[in-house]
>>> print(open('upload06.tsv').read())   # TSV, N, CA, C and O atoms
chain	number	residue	atom	x	y	z
A	1372	MET	N	-41.03	190.43	44.63
A	1372	MET	CA	-42.13	190.96	43.83
A	1372	MET	C	-42.90	191.95	44.70
A	1372	MET	O	-43.24	191.62	45.84
A	1373	PRO	N	-43.22	193.12	44.19
A	1373	PRO	CA	-43.98	194.10	44.98
A	1373	PRO	C	-45.33	193.53	45.41
A	1373	PRO	O	-45.97	192.81	44.67
A	1374	GLU	N	-45.73	193.88	46.63
A	1374	GLU	CA	-46.97	193.34	47.18
A	1374	GLU	C	-48.18	193.71	46.34
A	1374	GLU	O	-49.10	192.91	46.18
A	1375	ASP	N	-48.21	194.93	45.76
A	1375	ASP	CA	-49.36	195.34	44.97
A	1375	ASP	C	-49.49	194.52	43.69
A	1375	ASP	O	-50.56	194.42	43.10
A	1376	THR	N	-48.41	193.89	43.23
A	1376	THR	CA	-48.46	193.03	42.04
A	1376	THR	C	-49.30	191.79	42.32
A	1376	THR	O	-49.97	191.27	41.43
A	1377	LEU	N	-49.28	191.32	43.56
A	1377	LEU	CA	-50.02	190.11	43.93
A	1377	LEU	C	-51.42	190.40	44.44
A	1377	LEU	O	-52.17	189.48	44.74
A	1378	SER	N	-51.78	191.66	44.52
A	1378	SER	CA	-53.09	192.03	45.03
A	1378	SER	C	-54.19	191.39	44.20
A	1378	SER	O	-54.19	191.45	42.98
A	1379	GLY	N	-55.12	190.74	44.86
A	1379	GLY	CA	-56.24	190.10	44.19
A	1379	GLY	C	-55.99	188.67	43.79
A	1379	GLY	O	-56.89	187.99	43.32
A	1380	LEU	N	-54.76	188.18	43.97
A	1380	LEU	CA	-54.46	186.80	43.57
A	1380	LEU	C	-54.55	185.81	44.73
A	1380	LEU	O	-54.36	184.62	44.54
A	1381	GLU	N	-54.89	186.30	45.91
A	1381	GLU	CA	-54.96	185.40	47.05
A	1381	GLU	C	-56.08	184.37	46.92
A	1381	GLU	O	-56.03	183.33	47.55
A	1382	ASN	N	-57.05	184.62	46.09
A	1382	ASN	CA	-58.15	183.68	45.87
A	1382	ASN	C	-58.09	183.02	44.49
A	1382	ASN	O	-59.09	182.55	43.98
A	1383	MET	N	-56.90	183.00	43.89
A	1383	MET	CA	-56.76	182.44	42.55
A	1383	MET	C	-57.06	180.95	42.56
A	1383	MET	O	-56.62	180.21	43.43
A	1384	LEU	N	-57.79	180.53	41.56
A	1384	LEU	CA	-58.08	179.12	41.33
A	1384	LEU	C	-57.04	178.59	40.36
A	1384	LEU	O	-56.81	179.18	39.30
A	1385	ILE	N	-56.38	177.50	40.72
A	1385	ILE	CA	-55.43	176.86	39.81
A	1385	ILE	C	-56.08	175.59	39.30
A	1385	ILE	O	-56.38	174.67	40.06
A	1386	LEU	N	-56.34	175.58	38.01
A	1386	LEU	CA	-56.98	174.44	37.36
A	1386	LEU	C	-55.90	173.72	36.56
A	1386	LEU	O	-55.53	174.13	35.47
A	1387	ASP	N	-55.37	172.64	37.13
A	1387	ASP	CA	-54.27	171.90	36.51
A	1387	ASP	C	-54.83	170.69	35.77
A	1387	ASP	O	-55.15	169.68	36.36
A	1388	ARG	N	-54.93	170.83	34.47
A	1388	ARG	CA	-55.40	169.74	33.61
A	1388	ARG	C	-54.26	169.19	32.76
A	1388	ARG	O	-54.46	168.54	31.76
A	1389	SER	N	-53.01	169.43	33.20
A	1389	SER	CA	-51.84	169.07	32.40
A	1389	SER	C	-51.63	167.56	32.30
A	1389	SER	O	-50.92	167.11	31.42
A	1390	GLN	N	-52.24	166.79	33.18
A	1390	GLN	CA	-52.09	165.34	33.12
A	1390	GLN	C	-53.26	164.65	32.43
A	1390	GLN	O	-53.25	163.44	32.25
A	1391	LEU	N	-54.28	165.41	32.04
A	1391	LEU	CA	-55.45	164.85	31.35
A	1391	LEU	C	-55.19	164.91	29.85
A	1391	LEU	O	-55.35	165.95	29.22
A	1392	LEU	N	-54.81	163.81	29.28
A	1392	LEU	CA	-54.40	163.80	27.88
A	1392	LEU	C	-55.41	163.13	26.95
A	1392	LEU	O	-55.13	162.88	25.79
A	1393	GLU	N	-56.60	162.83	27.45
A	1393	GLU	CA	-57.57	162.12	26.62
A	1393	GLU	C	-58.48	163.03	25.81
A	1393	GLU	O	-59.25	162.57	24.98
A	1394	GLU	N	-58.42	164.35	26.02
A	1394	GLU	CA	-59.28	165.29	25.29
A	1394	GLU	C	-58.92	165.28	23.81
A	1394	GLU	O	-57.82	165.66	23.43
A	1395	PRO	N	-59.84	164.84	22.94
A	1395	PRO	CA	-59.52	164.74	21.52
A	1395	PRO	C	-59.52	166.07	20.77
A	1395	PRO	O	-58.86	166.20	19.75
A	1396	ASP	N	-60.23	167.05	21.28
A	1396	ASP	CA	-60.37	168.33	20.58
A	1396	ASP	C	-59.40	169.36	21.16
A	1396	ASP	O	-59.55	169.77	22.30
A	1397	ALA	N	-58.42	169.77	20.37
A	1397	ALA	CA	-57.43	170.73	20.84
A	1397	ALA	C	-58.04	172.11	21.10
A	1397	ALA	O	-57.43	172.93	21.78
A	1398	LEU	N	-59.23	172.37	20.60
A	1398	LEU	CA	-59.87	173.67	20.81
A	1398	LEU	C	-60.65	173.74	22.13
A	1398	LEU	O	-60.98	174.84	22.59
A	1399	TYR	N	-60.93	172.59	22.75
A	1399	TYR	CA	-61.69	172.59	24.00
A	1399	TYR	C	-61.04	173.46	25.08
A	1399	TYR	O	-61.73	174.26	25.72
A	1400	PRO	N	-59.71	173.34	25.32
A	1400	PRO	CA	-59.12	174.18	26.36
A	1400	PRO	C	-59.26	175.68	26.08
A	1400	PRO	O	-59.37	176.48	27.00
A	1401	PHE	N	-59.27	176.06	24.80
A	1401	PHE	CA	-59.47	177.47	24.46
A	1401	PHE	C	-60.89	177.92	24.81
A	1401	PHE	O	-61.10	179.03	25.31
A	1402	ALA	N	-61.84	177.06	24.54
A	1402	ALA	CA	-63.23	177.38	24.90
A	1402	ALA	C	-63.36	177.48	26.42
A	1402	ALA	O	-64.04	178.39	26.93
A	1403	LEU	N	-62.71	176.58	27.13
A	1403	LEU	CA	-62.74	176.62	28.59
A	1403	LEU	C	-62.07	177.90	29.09
A	1403	LEU	O	-62.59	178.56	30.00
A	1404	ASP	N	-60.94	178.28	28.49
A	1404	ASP	CA	-60.27	179.54	28.85
A	1404	ASP	C	-61.20	180.74	28.64
A	1404	ASP	O	-61.24	181.65	29.47
A	1405	GLU	N	-61.91	180.73	27.54
A	1405	GLU	CA	-62.84	181.83	27.25
A	1405	GLU	C	-63.92	181.93	28.33
A	1405	GLU	O	-64.22	183.01	28.84
A	1406	TRP	N	-64.49	180.79	28.70
A	1406	TRP	CA	-65.53	180.77	29.72
A	1406	TRP	C	-64.98	181.19	31.08
A	1406	TRP	O	-65.59	181.99	31.78
A	1407	LEU	N	-63.79	180.65	31.44
A	1407	LEU	CA	-63.18	181.02	32.72
A	1407	LEU	C	-62.86	182.51	32.77
A	1407	LEU	O	-63.05	183.16	33.80
A	1408	GLY	N	-62.39	183.05	31.66
A	1408	GLY	CA	-62.10	184.48	31.60
A	1408	GLY	C	-63.34	185.33	31.77
A	1408	GLY	O	-63.32	186.35	32.46
A	1409	ARG	N	-64.42	184.91	31.15
A	1409	ARG	CA	-65.68	185.65	31.30
A	1409	ARG	C	-66.17	185.60	32.74
A	1409	ARG	O	-66.63	186.60	33.28
A	1410	CYS	N	-66.05	184.43	33.37
A	1410	CYS	CA	-66.45	184.31	34.78
A	1410	CYS	C	-65.61	185.21	35.67
A	1410	CYS	O	-66.13	185.87	36.56
A	1411	ALA	N	-64.30	185.24	35.41
A	1411	ALA	CA	-63.41	186.10	36.20
A	1411	ALA	C	-63.78	187.56	35.98
A	1411	ALA	O	-63.79	188.36	36.92
A	1412	GLY	N	-64.10	187.92	34.75
A	1412	GLY	CA	-64.48	189.30	34.44
A	1412	GLY	C	-65.78	189.72	35.08
A	1412	GLY	O	-66.03	190.91	35.26
A	1413	GLU	N	-66.61	188.75	35.43
A	1413	GLU	CA	-67.88	189.04	36.08
A	1413	GLU	C	-67.78	188.93	37.60
A	1413	GLU	O	-68.78	188.80	38.28
A	1414	GLY	N	-66.55	188.95	38.12
A	1414	GLY	CA	-66.36	188.95	39.57
A	1414	GLY	C	-65.92	187.61	40.14
A	1414	GLY	O	-65.74	187.49	41.35
A	1415	GLY	N	-65.76	186.61	39.29
A	1415	GLY	CA	-65.29	185.31	39.77
A	1415	GLY	C	-63.81	185.37	40.08
A	1415	GLY	O	-63.15	186.39	39.88
A	1416	PRO	N	-63.27	184.27	40.57
A	1416	PRO	CA	-61.85	184.27	40.93
A	1416	PRO	C	-60.95	184.31	39.71
A	1416	PRO	O	-61.34	183.89	38.61
A	1417	ALA	N	-59.74	184.80	39.91
A	1417	ALA	CA	-58.71	184.70	38.87
A	1417	ALA	C	-58.39	183.22	38.70
A	1417	ALA	O	-58.45	182.45	39.66
A	1418	VAL	N	-58.08	182.81	37.48
A	1418	VAL	CA	-57.84	181.39	37.20
A	1418	VAL	C	-56.54	181.23	36.44
A	1418	VAL	O	-56.26	181.96	35.48
A	1419	CYS	N	-55.76	180.24	36.87
A	1419	CYS	CA	-54.58	179.82	36.13
A	1419	CYS	C	-54.90	178.43	35.59
A	1419	CYS	O	-55.02	177.47	36.35
A	1420	HIS	N	-55.10	178.32	34.29
A	1420	HIS	CA	-55.50	177.06	33.65
A	1420	HIS	C	-54.27	176.45	32.98
A	1420	HIS	O	-53.74	177.01	32.02
A	1421	LEU	N	-53.83	175.31	33.47
A	1421	LEU	CA	-52.68	174.60	32.93
A	1421	LEU	C	-53.18	173.41	32.13
A	1421	LEU	O	-53.97	172.62	32.63
A	1422	TRP	N	-52.72	173.29	30.89
A	1422	TRP	CA	-53.15	172.17	30.07
A	1422	TRP	C	-52.12	171.88	29.00
A	1422	TRP	O	-51.24	172.68	28.72
A	1423	ARG	N	-52.23	170.71	28.43
A	1423	ARG	CA	-51.42	170.34	27.28
A	1423	ARG	C	-52.24	169.35	26.45
A	1423	ARG	O	-53.21	168.77	26.93
A	1424	HIS	N	-51.85	169.19	25.21
A	1424	HIS	CA	-52.57	168.30	24.32
A	1424	HIS	C	-51.57	167.30	23.74
A	1424	HIS	O	-50.48	167.70	23.32
A	1425	PRO	N	-51.92	166.01	23.70
A	1425	PRO	CA	-50.95	165.00	23.29
A	1425	PRO	C	-50.59	165.01	21.80
A	1425	PRO	O	-49.55	164.50	21.42
A	1426	SER	N	-51.43	165.60	20.98
A	1426	SER	CA	-51.16	165.52	19.54
A	1426	SER	C	-51.32	166.85	18.83
A	1426	SER	O	-51.68	166.89	17.66
A	1427	ALA	N	-51.05	167.94	19.54
A	1427	ALA	CA	-51.19	169.25	18.91
A	1427	ALA	C	-50.07	170.16	19.40
A	1427	ALA	O	-49.68	170.12	20.56
A	1428	LEU	N	-49.56	170.96	18.50
A	1428	LEU	CA	-48.64	172.03	18.83
A	1428	LEU	C	-49.39	173.33	18.52
A	1428	LEU	O	-49.75	173.57	17.37
A	1429	ILE	N	-49.62	174.09	19.54
A	1429	ILE	CA	-50.41	175.31	19.37
A	1429	ILE	C	-49.54	176.49	19.77
A	1429	ILE	O	-49.04	176.54	20.89
A	1430	LEU	N	-49.33	177.39	18.83
A	1430	LEU	CA	-48.54	178.58	19.09
A	1430	LEU	C	-49.42	179.81	19.01
A	1430	LEU	O	-50.28	179.90	18.13
A	1431	GLY	N	-49.18	180.73	19.90
A	1431	GLY	CA	-49.85	182.01	19.79
A	1431	GLY	C	-49.24	182.80	18.65
A	1431	GLY	O	-48.17	182.46	18.14
A	1432	SER	N	-49.91	183.84	18.22
A	1432	SER	CA	-49.41	184.60	17.07
A	1432	SER	C	-48.03	185.20	17.35
A	1432	SER	O	-47.19	185.24	16.46
A	1433	ARG	N	-47.77	185.62	18.58
A	1433	ARG	CA	-46.44	186.15	18.91
A	1433	ARG	C	-45.41	185.03	18.91
A	1433	ARG	O	-44.28	185.22	18.46
A	1434	ASP	N	-45.77	183.86	19.44
A	1434	ASP	CA	-44.84	182.73	19.47
A	1434	ASP	C	-44.45	182.30	18.06
A	1434	ASP	O	-43.31	181.92	17.81
A	1435	SER	N	-45.40	182.33	17.15
A	1435	SER	CA	-45.14	181.86	15.80
A	1435	SER	C	-44.15	182.75	15.04
A	1435	SER	O	-43.62	182.34	14.02
A	1436	ARG	N	-43.89	183.95	15.56
A	1436	ARG	CA	-42.94	184.86	14.91
A	1436	ARG	C	-41.54	184.76	15.49
A	1436	ARG	O	-40.63	185.45	15.05
A	1437	LEU	N	-41.34	183.88	16.48
A	1437	LEU	CA	-40.01	183.72	17.06
A	1437	LEU	C	-39.05	183.11	16.05
A	1437	LEU	O	-39.47	182.31	15.20
A	1438	PRO	N	-37.78	183.46	16.14
A	1438	PRO	CA	-36.80	182.87	15.22
A	1438	PRO	C	-36.80	181.34	15.36
A	1438	PRO	O	-36.74	180.81	16.45
A	1439	GLY	N	-36.90	180.66	14.24
A	1439	GLY	CA	-36.86	179.21	14.24
A	1439	GLY	C	-38.19	178.52	14.52
A	1439	GLY	O	-38.28	177.31	14.49
A	1440	ALA	N	-39.24	179.29	14.82
A	1440	ALA	CA	-40.53	178.68	15.16
A	1440	ALA	C	-41.10	177.89	13.99
A	1440	ALA	O	-41.60	176.78	14.17
A	1441	ALA	N	-41.03	178.43	12.80
A	1441	ALA	CA	-41.58	177.72	11.62
A	1441	ALA	C	-40.82	176.44	11.37
A	1441	ALA	O	-41.43	175.40	11.10
A	1442	ALA	N	-39.51	176.47	11.48
A	1442	ALA	CA	-38.71	175.26	11.27
A	1442	ALA	C	-39.00	174.21	12.34
A	1442	ALA	O	-39.11	173.02	12.05
A	1443	ALA	N	-39.14	174.66	13.59
A	1443	ALA	CA	-39.45	173.72	14.67
A	1443	ALA	C	-40.82	173.08	14.47
A	1443	ALA	O	-40.99	171.88	14.66
A	1444	ALA	N	-41.81	173.89	14.08
A	1444	ALA	CA	-43.15	173.36	13.84
A	1444	ALA	C	-43.13	172.36	12.69
A	1444	ALA	O	-43.80	171.32	12.74
A	1445	GLN	N	-42.37	172.66	11.66
A	1445	GLN	CA	-42.26	171.76	10.51
A	1445	GLN	C	-41.63	170.44	10.93
A	1445	GLN	O	-42.08	169.37	10.52
A	1446	GLN	N	-40.62	170.49	11.75
A	1446	GLN	CA	-39.94	169.29	12.21
A	1446	GLN	C	-40.87	168.43	13.07
A	1446	GLN	O	-40.87	167.22	12.95
A	1447	LEU	N	-41.66	169.07	13.91
A	1447	LEU	CA	-42.59	168.33	14.75
A	1447	LEU	C	-43.69	167.72	13.91
A	1447	LEU	O	-44.19	166.66	14.15
>>> encode(input="upload06.tsv", output="structure tokens")
Amino acid sequence: MPEDTLSGLENMLILDRSQLLEEPDALYPFALDEWLGRCAGEGGPAVCHLWRHPSALILGSRDSRLPGAAAAAQQL
């Protein structure tokens, strides 16, 4: 990977919440992402936020257009 691609990532914060499955609201991680993004935009560190939800399947608008996505979501 070119060195300039990694420029500015040396101080990246990795927030791994992938093992925390007790959050009942599937929208909470999105709100947290919004806040973290605003902080990064105001000069804070870059953040990689990892999360999952035990009872929700959340697809982005591009993901939902993938072949078979609707059938897979229906099956789940």
>>> residues_around(input="upload06.tsv", residues="Met1383 in chain A", least_positions_apart="4", cutoff="8 Å", atoms="all atoms listed in the file", output="list in words")
Gly1379, Gly1415, Pro1416, Ala1417, Val1418 and Cys1419 of chain A
>>> select_by_dssp(input="upload06.tsv", residues="range 1378-1434 of chain A", states="strand (DSSP E or B)", output="PyMOL selection string")
chain A and resi 1384-1388+1418-1422
>>> closest_residue(input="upload06.tsv", among="A:Leu1392, A:Cys1410, A:Leu1447, A:Asp1387", to="Leu1428 in chain A", atoms="only C-alpha atoms")
A:Leu1447
>>> atom_distance(input="upload06.tsv", atom1="atom N of Ser1426 in chain A", atom2="atom O of Arg1409 in chain A")
28.7 Å
>>> select_by_dssp(input="upload06.tsv", residues="range 1379-1432 of chain A", states="alpha helix (DSSP H)", output="number ranges by chain")
A: 1399-1412
>>> atom_distance(input="upload06.tsv", atom1="CA of Arg1388 in chain A", atom2="atom C of Arg1423 in chain A")
7.8 Å
>>> atom_distance(input="upload06.tsv", atom1="CA of Ala1397 in chain A", atom2="CA of Arg1433 in chain A")
19.0 Å
>>> closest_residue(input="upload06.tsv", among="A:His1420, A:Ala1402, A:Gly1439, A:Glu1413", to="Ile1385 in chain A", atoms="only N, CA, C and O atoms")
A:His1420
>>> residues_near_point(input="upload06.tsv", point="(-43.7, 172.6, 11.5)", cutoff="12 Å", atoms="only C-alpha atoms", output="MDAnalysis selection string")
chainID A and resid 1427:1430 1435 1439:1447
>>> residues_around(input="upload06.tsv", residues="Ser1389 in chain A", least_positions_apart="5", cutoff="7 Å", atoms="all atoms listed in the file", output="NGL selection string")
:A and (1421-1424)
